[in-house]
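Listing of run-v5.pdb, PDB, C-alpha atoms
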```pdb
ATOM      1  CA  SER A   1    -201.761  24.845  15.614  1.00  0.00           C
ATOM      2  CA  PHE A   2    -203.705  23.463  12.667  1.00  0.00           C
ATOM      3  CA  LEU A   3    -206.083  20.601  11.926  1.00  0.00           C
ATOM      4  CA  SER A   4    -204.464  18.179   9.519  1.00  0.00           C
ATOM      5  CA  LEU A   5    -206.115  15.201   7.868  1.00  0.00           C
ATOM      6  CA  GLY A   6    -203.732  12.464   6.775  1.00  0.00           C
ATOM      7  CA  ILE A   7    -204.738   9.812   4.224  1.00  0.00           C
ATOM      8  CA  MET A   8    -202.566   6.777   3.554  1.00  0.00           C
ATOM      9  CA  SER A   9    -202.863   3.465   1.807  1.00  0.00           C
ATOM     10  CA  GLY A  10    -199.083   3.042   1.461  1.00  0.00           C
ATOM     11  CA  THR A  11    -197.445  -0.083   0.109  1.00  0.00           C
ATOM     12  CA  SER A  12    -199.847  -2.600   1.625  1.00  0.00           C
ATOM     13  CA  MET A  13    -203.103  -3.290  -0.150  1.00  0.00           C
ATOM     14  CA  ASP A  14    -205.365  -3.725   2.849  1.00  0.00           C
ATOM     15  CA  GLY A  15    -207.117  -0.371   2.963  1.00  0.00           C
ATOM     16  CA  ILE A  16    -207.056   3.340   3.669  1.00  0.00           C
ATOM     17  CA  ASP A  17    -206.025   4.883   6.994  1.00  0.00           C
ATOM     18  CA  CYS A  18    -207.297   8.378   7.796  1.00  0.00           C
ATOM     19  CA  CYS A  19    -206.422  10.491  10.815  1.00  0.00           C
ATOM     20  CA  LEU A  20    -207.591  13.991  11.735  1.00  0.00           C
ATOM     21  CA  ALA A  21    -205.199  15.579  14.211  1.00  0.00           C
ATOM     22  CA  ASP A  22    -204.591  18.956  15.798  1.00  0.00           C
ATOM     23  CA  ILE A  23    -200.864  19.512  15.185  1.00  0.00           C
ATOM     24  CA  MET A  24    -198.511  22.096  16.615  1.00  0.00           C
ATOM     25  CA  LEU A  25    -194.960  22.246  15.231  1.00  0.00           C
ATOM     26  CA  THR A  26    -192.735  25.246  15.887  1.00  0.00           C
ATOM     27  CA  SER A  27    -189.708  26.387  13.886  1.00  0.00           C
ATOM     28  CA  SER A  28    -187.513  24.932  16.676  1.00  0.00           C
ATOM     29  CA  TYR A  29    -189.256  21.538  16.216  1.00  0.00           C
ATOM     30  CA  ASP A  30    -191.336  21.565  19.375  1.00  0.00           C
ATOM     31  CA  PHE A  31    -194.087  19.110  18.487  1.00  0.00           C
ATOM     32  CA  LYS A  32    -197.474  18.398  20.017  1.00  0.00           C
ATOM     33  CA  TYR A  33    -200.511  16.652  18.585  1.00  0.00           C
ATOM     34  CA  LYS A  34    -203.966  15.482  19.543  1.00  0.00           C
ATOM     35  CA  ILE A  35    -205.866  12.892  17.510  1.00  0.00           C
ATOM     36  CA  ILE A  36    -209.406  14.117  16.883  1.00  0.00           C
ATOM     37  CA  GLN A  37    -210.783  11.296  14.735  1.00  0.00           C
ATOM     38  CA  GLU A  38    -209.458   8.260  12.891  1.00  0.00           C
ATOM     39  CA  LYS A  39    -211.005   5.888  10.401  1.00  0.00           C
ATOM     40  CA  TYR A  40    -209.853   2.742   8.602  1.00  0.00           C
ATOM     41  CA  ILE A  41    -211.641   1.710   5.411  1.00  0.00           C
ATOM     42  CA  PRO A  42    -210.705  -1.688   3.938  1.00  0.00           C
ATOM     43  CA  PHE A  43    -210.179  -1.936   0.211  1.00  0.00           C
ATOM     44  CA  SER A  44    -212.802  -3.902  -1.724  1.00  0.00           C
ATOM     45  CA  ASN A  45    -211.745  -6.793  -3.955  1.00  0.00           C
ATOM     46  CA  ILE A  46    -212.317  -4.462  -6.918  1.00  0.00           C
ATOM     47  CA  ASP A  47    -209.909  -1.894  -5.406  1.00  0.00           C
ATOM     48  CA  ILE A  48    -207.256  -4.551  -4.740  1.00  0.00           C
ATOM     49  CA  ASN A  49    -207.532  -5.961  -8.271  1.00  0.00           C
ATOM     50  CA  LYS A  50    -207.157  -2.458  -9.778  1.00  0.00           C
ATOM     51  CA  ILE A  51    -204.022  -1.859  -7.655  1.00  0.00           C
ATOM     52  CA  LYS A  52    -202.515  -5.237  -8.588  1.00  0.00           C
ATOM     53  CA  LYS A  53    -203.171  -4.515 -12.267  1.00  0.00           C
ATOM     54  CA  ALA A  54    -201.283  -1.202 -12.053  1.00  0.00           C
ATOM     55  CA  ILE A  55    -198.243  -2.395 -10.070  1.00  0.00           C
ATOM     56  CA  ASN A  56    -195.216  -2.255 -12.353  1.00  0.00           C
ATOM     57  CA  ASN A  57    -197.482  -1.986 -15.388  1.00  0.00           C
ATOM     58  CA  THR A  58    -197.914   0.576 -18.132  1.00  0.00           C
ATOM     59  CA  ALA A  59    -198.521   4.272 -17.510  1.00  0.00           C
ATOM     60  CA  SER A  60    -202.111   3.963 -18.743  1.00  0.00           C
ATOM     61  CA  PHE A  61    -202.947   1.667 -15.815  1.00  0.00           C
ATOM     62  CA  ASN A  62    -201.216   4.106 -13.441  1.00  0.00           C
ATOM     63  CA  ASP A  63    -203.233   7.054 -14.793  1.00  0.00           C
ATOM     64  CA  GLU A  64    -206.481   5.105 -14.492  1.00  0.00           C
ATOM     65  CA  LEU A  65    -205.695   4.060 -10.905  1.00  0.00           C
ATOM     66  CA  ASP A  66    -204.529   7.597 -10.026  1.00  0.00           C
ATOM     67  CA  GLU A  67    -207.963   8.951 -11.007  1.00  0.00           C
ATOM     68  CA  TYR A  68    -209.869   6.041  -9.437  1.00  0.00           C
ATOM     69  CA  LEU A  69    -208.118   6.296  -6.049  1.00  0.00           C
ATOM     70  CA  GLY A  70    -208.245  10.103  -6.075  1.00  0.00           C
ATOM     71  CA  LYS A  71    -212.027   9.922  -6.387  1.00  0.00           C
ATOM     72  CA  LEU A  72    -212.217   7.145  -3.775  1.00  0.00           C
ATOM     73  CA  TYR A  73    -210.151   9.148  -1.248  1.00  0.00           C
ATOM     74  CA  SER A  74    -212.295  12.227  -1.844  1.00  0.00           C
ATOM     75  CA  ASP A  75    -215.539  10.249  -1.425  1.00  0.00           C
ATOM     76  CA  ILE A  76    -214.281   8.734   1.848  1.00  0.00           C
ATOM     77  CA  ILE A  77    -213.168  12.080   3.296  1.00  0.00           C
ATOM     78  CA  ASN A  78    -216.470  13.682   2.304  1.00  0.00           C
ATOM     79  CA  LYS A  79    -218.377  10.810   3.936  1.00  0.00           C
ATOM     80  CA  TYR A  80    -216.482  10.608   7.246  1.00  0.00           C
ATOM     81  CA  PHE A  81    -214.815  13.998   7.769  1.00  0.00           C
ATOM     82  CA  ASN A  82    -216.858  16.602   5.865  1.00  0.00           C
ATOM     83  CA  SER A  83    -218.401  18.045   9.050  1.00  0.00           C
ATOM     84  CA  LYS A  84    -214.940  18.791  10.507  1.00  0.00           C
ATOM     85  CA  LYS A  85    -212.906  21.941  10.064  1.00  0.00           C
ATOM     86  CA  ILE A  86    -209.746  20.894   8.213  1.00  0.00           C
ATOM     87  CA  ASP A  87    -206.852  23.283   7.494  1.00  0.00           C
ATOM     88  CA  ILE A  88    -204.677  20.983   5.380  1.00  0.00           C
ATOM     89  CA  ILE A  89    -204.830  17.467   3.914  1.00  0.00           C
ATOM     90  CA  SER A  90    -201.835  15.233   3.358  1.00  0.00           C
ATOM     91  CA  ILE A  91    -202.245  12.263   1.059  1.00  0.00           C
ATOM     92  CA  HIS A  92    -199.606   9.563   0.750  1.00  0.00           C
ATOM     93  CA  GLY A  93    -201.505   7.572  -1.840  1.00  0.00           C
ATOM     94  CA  GLN A  94    -200.897   3.996  -2.914  1.00  0.00           C
ATOM     95  CA  THR A  95    -197.323   3.010  -3.760  1.00  0.00           C
ATOM     96  CA  ILE A  96    -197.248   1.029  -6.977  1.00  0.00           C
ATOM     97  CA  SER A  97    -193.517   1.244  -7.767  1.00  0.00           C
ATOM     98  CA  HIS A  98    -190.444   2.176  -5.752  1.00  0.00           C
ATOM     99  CA  ILE A  99    -186.715   1.907  -6.413  1.00  0.00           C
ATOM    100  CA  ASN A 100    -184.592   3.415  -3.647  1.00  0.00           C
ATOM    101  CA  ARG A 101    -183.120   6.822  -4.605  1.00  0.00           C
ATOM    102  CA  GLU A 102    -184.298   6.413  -8.235  1.00  0.00           C
ATOM    103  CA  HIS A 103    -188.073   6.724  -8.439  1.00  0.00           C
ATOM    104  CA  SER A 104    -191.269   6.228  -6.503  1.00  0.00           C
ATOM    105  CA  ILE A 105    -194.802   6.279  -7.808  1.00  0.00           C
ATOM    106  CA  GLN A 106    -197.763   6.906  -5.529  1.00  0.00           C
ATOM    107  CA  VAL A 107    -201.201   7.120  -7.077  1.00  0.00           C
ATOM    108  CA  GLY A 108    -204.358   8.780  -5.816  1.00  0.00           C
ATOM    109  CA  SER A 109    -204.841  12.143  -7.503  1.00  0.00           C
ATOM    110  CA  PRO A 110    -205.073  15.028  -5.000  1.00  0.00           C
ATOM    111  CA  LYS A 111    -207.199  17.003  -7.492  1.00  0.00           C
ATOM    112  CA  TYR A 112    -210.495  15.626  -6.192  1.00  0.00           C
ATOM    113  CA  LEU A 113    -209.681  16.466  -2.575  1.00  0.00           C
ATOM    114  CA  TYR A 114    -208.741  19.992  -3.573  1.00  0.00           C
ATOM    115  CA  ASP A 115    -211.904  20.372  -5.641  1.00  0.00           C
ATOM    116  CA  SER A 116    -214.001  19.277  -2.631  1.00  0.00           C
ATOM    117  CA  PHE A 117    -212.265  21.177   0.182  1.00  0.00           C
ATOM    118  CA  LYS A 118    -210.381  24.101  -1.464  1.00  0.00           C
ATOM    119  CA  ILE A 119    -207.544  23.826   1.080  1.00  0.00           C
ATOM    120  CA  PRO A 120    -203.837  22.945   0.646  1.00  0.00           C
ATOM    121  CA  ILE A 121    -203.215  19.300  -0.287  1.00  0.00           C
ATOM    122  CA  ILE A 122    -199.733  17.875   0.356  1.00  0.00           C
ATOM    123  CA  TYR A 123    -198.817  14.822  -1.721  1.00  0.00           C
ATOM    124  CA  ASN A 124    -196.007  12.934  -3.527  1.00  0.00           C
ATOM    125  CA  PHE A 125    -193.869  12.612  -0.370  1.00  0.00           C
ATOM    126  CA  ARG A 126    -191.570   9.883  -1.674  1.00  0.00           C
ATOM    127  CA  LYS A 127    -190.862  11.610  -5.001  1.00  0.00           C
ATOM    128  CA  GLN A 128    -190.106  14.877  -3.198  1.00  0.00           C
ATOM    129  CA  ASP A 129    -187.766  13.060  -0.781  1.00  0.00           C
ATOM    130  CA  ILE A 130    -185.834  11.548  -3.716  1.00  0.00           C
ATOM    131  CA  GLU A 131    -185.606  14.978  -5.381  1.00  0.00           C
ATOM    132  CA  ALA A 132    -184.117  16.293  -2.100  1.00  0.00           C
ATOM    133  CA  SER A 133    -181.380  13.576  -2.255  1.00  0.00           C
ATOM    134  CA  GLY A 134    -183.229  11.149   0.028  1.00  0.00           C
ATOM    135  CA  CYS A 135    -184.095   7.513  -0.532  1.00  0.00           C
ATOM    136  CA  GLY A 136    -187.836   8.058  -0.891  1.00  0.00           C
ATOM    137  CA  ALA A 137    -188.424   5.633   1.967  1.00  0.00           C
ATOM    138  CA  PRO A 138    -188.724   5.259   4.833  1.00  0.00           C
ATOM    139  CA  LEU A 139    -190.395   8.580   5.607  1.00  0.00           C
ATOM    140  CA  ILE A 140    -191.195   7.962   9.281  1.00  0.00           C
ATOM    141  CA  PRO A 141    -187.749   8.717  10.862  1.00  0.00           C
ATOM    142  CA  PHE A 142    -188.507  12.465  11.000  1.00  0.00           C
ATOM    143  CA  LEU A 143    -191.714  11.867  12.973  1.00  0.00           C
ATOM    144  CA  ASP A 144    -189.917   9.351  15.201  1.00  0.00           C
ATOM    145  CA  TRP A 145    -187.282  12.005  15.905  1.00  0.00           C
ATOM    146  CA  LEU A 146    -189.967  14.575  16.787  1.00  0.00           C
ATOM    147  CA  LEU A 147    -191.519  12.072  19.206  1.00  0.00           C
ATOM    148  CA  PHE A 148    -188.325  10.737  20.816  1.00  0.00           C
ATOM    149  CA  LYS A 149    -185.619  13.425  20.351  1.00  0.00           C
ATOM    150  CA  ASN A 150    -185.650  14.421  24.020  1.00  0.00           C
ATOM    151  CA  SER A 151    -185.578  10.891  25.396  1.00  0.00           C
ATOM    152  CA  ASN A 152    -182.895   9.951  27.894  1.00  0.00           C
ATOM    153  CA  TYR A 153    -182.643   6.563  26.148  1.00  0.00           C
ATOM    154  CA  ASP A 154    -181.600   5.384  22.713  1.00  0.00           C
ATOM    155  CA  THR A 155    -184.805   4.493  20.861  1.00  0.00           C
ATOM    156  CA  ILE A 156    -185.535   2.090  18.022  1.00  0.00           C
ATOM    157  CA  THR A 157    -188.957   2.113  16.383  1.00  0.00           C
ATOM    158  CA  LEU A 158    -190.440  -0.452  14.013  1.00  0.00           C
ATOM    159  CA  ASN A 159    -192.959   0.632  11.364  1.00  0.00           C
ATOM    160  CA  ILE A 160    -194.730  -2.325   9.789  1.00  0.00           C
ATOM    161  CA  GLY A 161    -196.483  -1.393   6.551  1.00  0.00           C
ATOM    162  CA  GLY A 162    -196.261  -3.136   3.216  1.00  0.00           C
ATOM    163  CA  ILE A 163    -192.500  -2.754   3.734  1.00  0.00           C
ATOM    164  CA  ALA A 164    -191.192  -2.739   7.310  1.00  0.00           C
ATOM    165  CA  ASN A 165    -188.604  -0.160   8.402  1.00  0.00           C
ATOM    166  CA  ILE A 166    -186.843   0.940  11.551  1.00  0.00           C
ATOM    167  CA  SER A 167    -185.627   4.238  12.935  1.00  0.00           C
ATOM    168  CA  TYR A 168    -182.801   4.634  15.404  1.00  0.00           C
ATOM    169  CA  ILE A 169    -182.916   7.810  17.489  1.00  0.00           C
ATOM    170  CA  PRO A 170    -179.956   8.203  19.886  1.00  0.00           C
ATOM    171  CA  LYS A 171    -180.814   9.781  23.240  1.00  0.00           C
ATOM    172  CA  ASN A 172    -181.021  13.580  23.162  1.00  0.00           C
ATOM    173  CA  CYS A 173    -179.976  13.634  19.495  1.00  0.00           C
ATOM    174  CA  CYS A 174    -180.222  16.198  16.742  1.00  0.00           C
ATOM    175  CA  ILE A 175    -181.895  15.419  13.428  1.00  0.00           C
ATOM    176  CA  GLU A 176    -178.600  14.579  11.670  1.00  0.00           C
ATOM    177  CA  ASN A 177    -178.075  11.590  14.011  1.00  0.00           C
ATOM    178  CA  ILE A 178    -181.193   9.640  13.007  1.00  0.00           C
ATOM    179  CA  ILE A 179    -180.748   6.386  11.138  1.00  0.00           C
ATOM    180  CA  GLY A 180    -183.662   4.855   9.243  1.00  0.00           C
ATOM    181  CA  PHE A 181    -183.899   2.078   6.702  1.00  0.00           C
ATOM    182  CA  ASP A 182    -186.198  -0.584   5.248  1.00  0.00           C
ATOM    183  CA  THR A 183    -185.842  -4.076   6.680  1.00  0.00           C
ATOM    184  CA  GLY A 184    -187.923  -6.068   4.202  1.00  0.00           C
ATOM    185  CA  PRO A 185    -191.514  -7.209   3.701  1.00  0.00           C
ATOM    186  CA  GLY A 186    -193.974  -6.190   6.384  1.00  0.00           C
ATOM    187  CA  MET A 187    -197.672  -6.934   6.034  1.00  0.00           C
TER
END
```

Could you show the structure in this file as structure tokens?
Amino acid sequence: SFLSLGIMSGTSMDGIDCCLADIMLTSSYDFKYKIIQEKYIPFSNIDINKIKKAINNTASFNDELDEYLGKLYSDIINKYFNSKKIDIISIHGQTISHINREHSIQVGSPKYLYDSFKIPIIYNFRKQDIEASGCGAPLIPFLDWLLFKNSNYDTITLNIGGIANISYIPKNCCIENIIGFDTGPGM
């Protein structure tokens, strides 16, 4: 069991979602969790304009936004979660470019979180998924499988972010039987 703090701004440009949870995941994929604290922080107009400027733009804009959001995420976590014991932080960051199976760019440097908390920081999920022969998105089918793998019913979930996607989890299935794909614009 460990306390994990997840930070996500994703593909939408509405704000930052944070969730502190006590997570238990065994090597045989038994999964339990308890949400300890959650916080949503809307982006300011300045934040949104910086993100829009970087989307599909030059690397210099991406580097600038990477630093800017990294500092913003760190400031937010220090403000709202600093009094909590945290074992690990996962940061999705802000997606500014994604081409299925080719590349995906999330910005929000994890450096500032590491400098503040000195604990493991997990980041660059989409890029790592592509490097492991995945599509880079959607990423939620694994969690959906953990939640619904023992169901006596076929399950379909809908995740509505900047891009909407679905997961199909057949009743009592193993991980190889999950189907997940993007369906189009979400928020």

Quick check on the file I pasted: which residues fall under the PyMOL selection byres ((chain A and resi 156-164) around 6)? Write them as a PyMOL selection string. chain A and resi 11-12+155+165-168+182-187

Within 9 Å of Asn172 of chain A, counting all atoms listed in the file, which residues show up once you throw out same-chain ones fewer than 5 positions away? Write them as a PDB file with C-alpha atoms, in the frame of the given file, please.
```pdb
ATOM      1  CA  PHE A 148    -188.325  10.737  20.816  1.00  0.00           C
ATOM      2  CA  LYS A 149    -185.619  13.425  20.351  1.00  0.00           C
ATOM      3  CA  ASN A 150    -185.650  14.421  24.020  1.00  0.00           C
ATOM      4  CA  SER A 151    -185.578  10.891  25.396  1.00  0.00           C
ATOM      5  CA  ASN A 152    -182.895   9.951  27.894  1.00  0.00           C
ATOM      6  CA  TYR A 153    -182.643   6.563  26.148  1.00  0.00           C
ATOM      7  CA  ASP A 154    -181.600   5.384  22.713  1.00  0.00           C
TER       8      ASP A 154
END
```

I'd like to know which of A:Lys50, A:Lys171, A:Lys71, A:His103 is closest to Leu147 of chain A, using all atoms listed in the file. A:Lys171

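Shortest separation to Ile140 of chain A among A:Tyr114, A:Tyr73, A:Phe181, A:Tyr40 occurs at residue A:Phe181, atoms counted being all atoms listed in the file.
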
How would you write, as an MDAnalysis selection string, the residues chosen by the PyMOL selection byres ((chain A and resi 1-7) around 9) on this structure? chainID A and resid 8:9 16:25 32:33 36 73 77 81 85:93

In Å to one decimal, how far is atom CA of Ser74 of chain A from atom CA of Ile130 of chain A?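 Atom CA of Ser74 of chain A lies 26.5 Å from atom CA of Ile130 of chain A.
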
Give, as AutoDock Vina command-line options, the centre coordinates and the x, y and z edge lengths in Å to one decimal for an axis-aligned box around all listed atoms of segment 18-33 of chain A, padded by 5 Å on each side.
```
--center_x -197.6 --center_y 17.4 --center_z 13.9 --size_x 30.1 --size_y 28.0 --size_z 22.2
```

I need the residue nearest Gly15 of chain A from this list: A:Ser44, A:Ser133, A:Asn62, A:Ser83. Use all atoms listed in the file for the distance. A:Ser44

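As for atom CA of Ile169 of chain A and atom CA of Phe31 of chain A, they are spaced 15.9 Å apart.
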
Separation of atom CA of Cys135 of chain A from atom CA of Tyr29 of chain A, in Å and rounded to one decimal: 22.4 Å

Which residues, named as in the file, does the PyMOL selection byres ((chain A and resi 65-69) around 12) pick out? Answer as a PyMOL selection string. chain A and resi 7-9+15-16+43+46-55+57-64+70-76+91-96+105-113+124

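Nearest to Ala132 of chain A of all the residues A:Asn45, A:Ile35, A:Lys84, A:Glu102 is A:Glu102, based on only C-alpha atoms.
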
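Taking only C-alpha atoms into account, Asn78 of chain A lies nearest to A:Ser116 out of the set A:Ser97, A:Gln128, A:Ser116, A:Ser104.
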
With only C-alpha atoms as the basis for distance, which of A:Tyr123, A:Gln37, A:Ala137, A:Lys79 is at the shortest distance from Gly180 of chain A?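 For Gly180 of chain A, the nearest of the candidates is A:Ala137.
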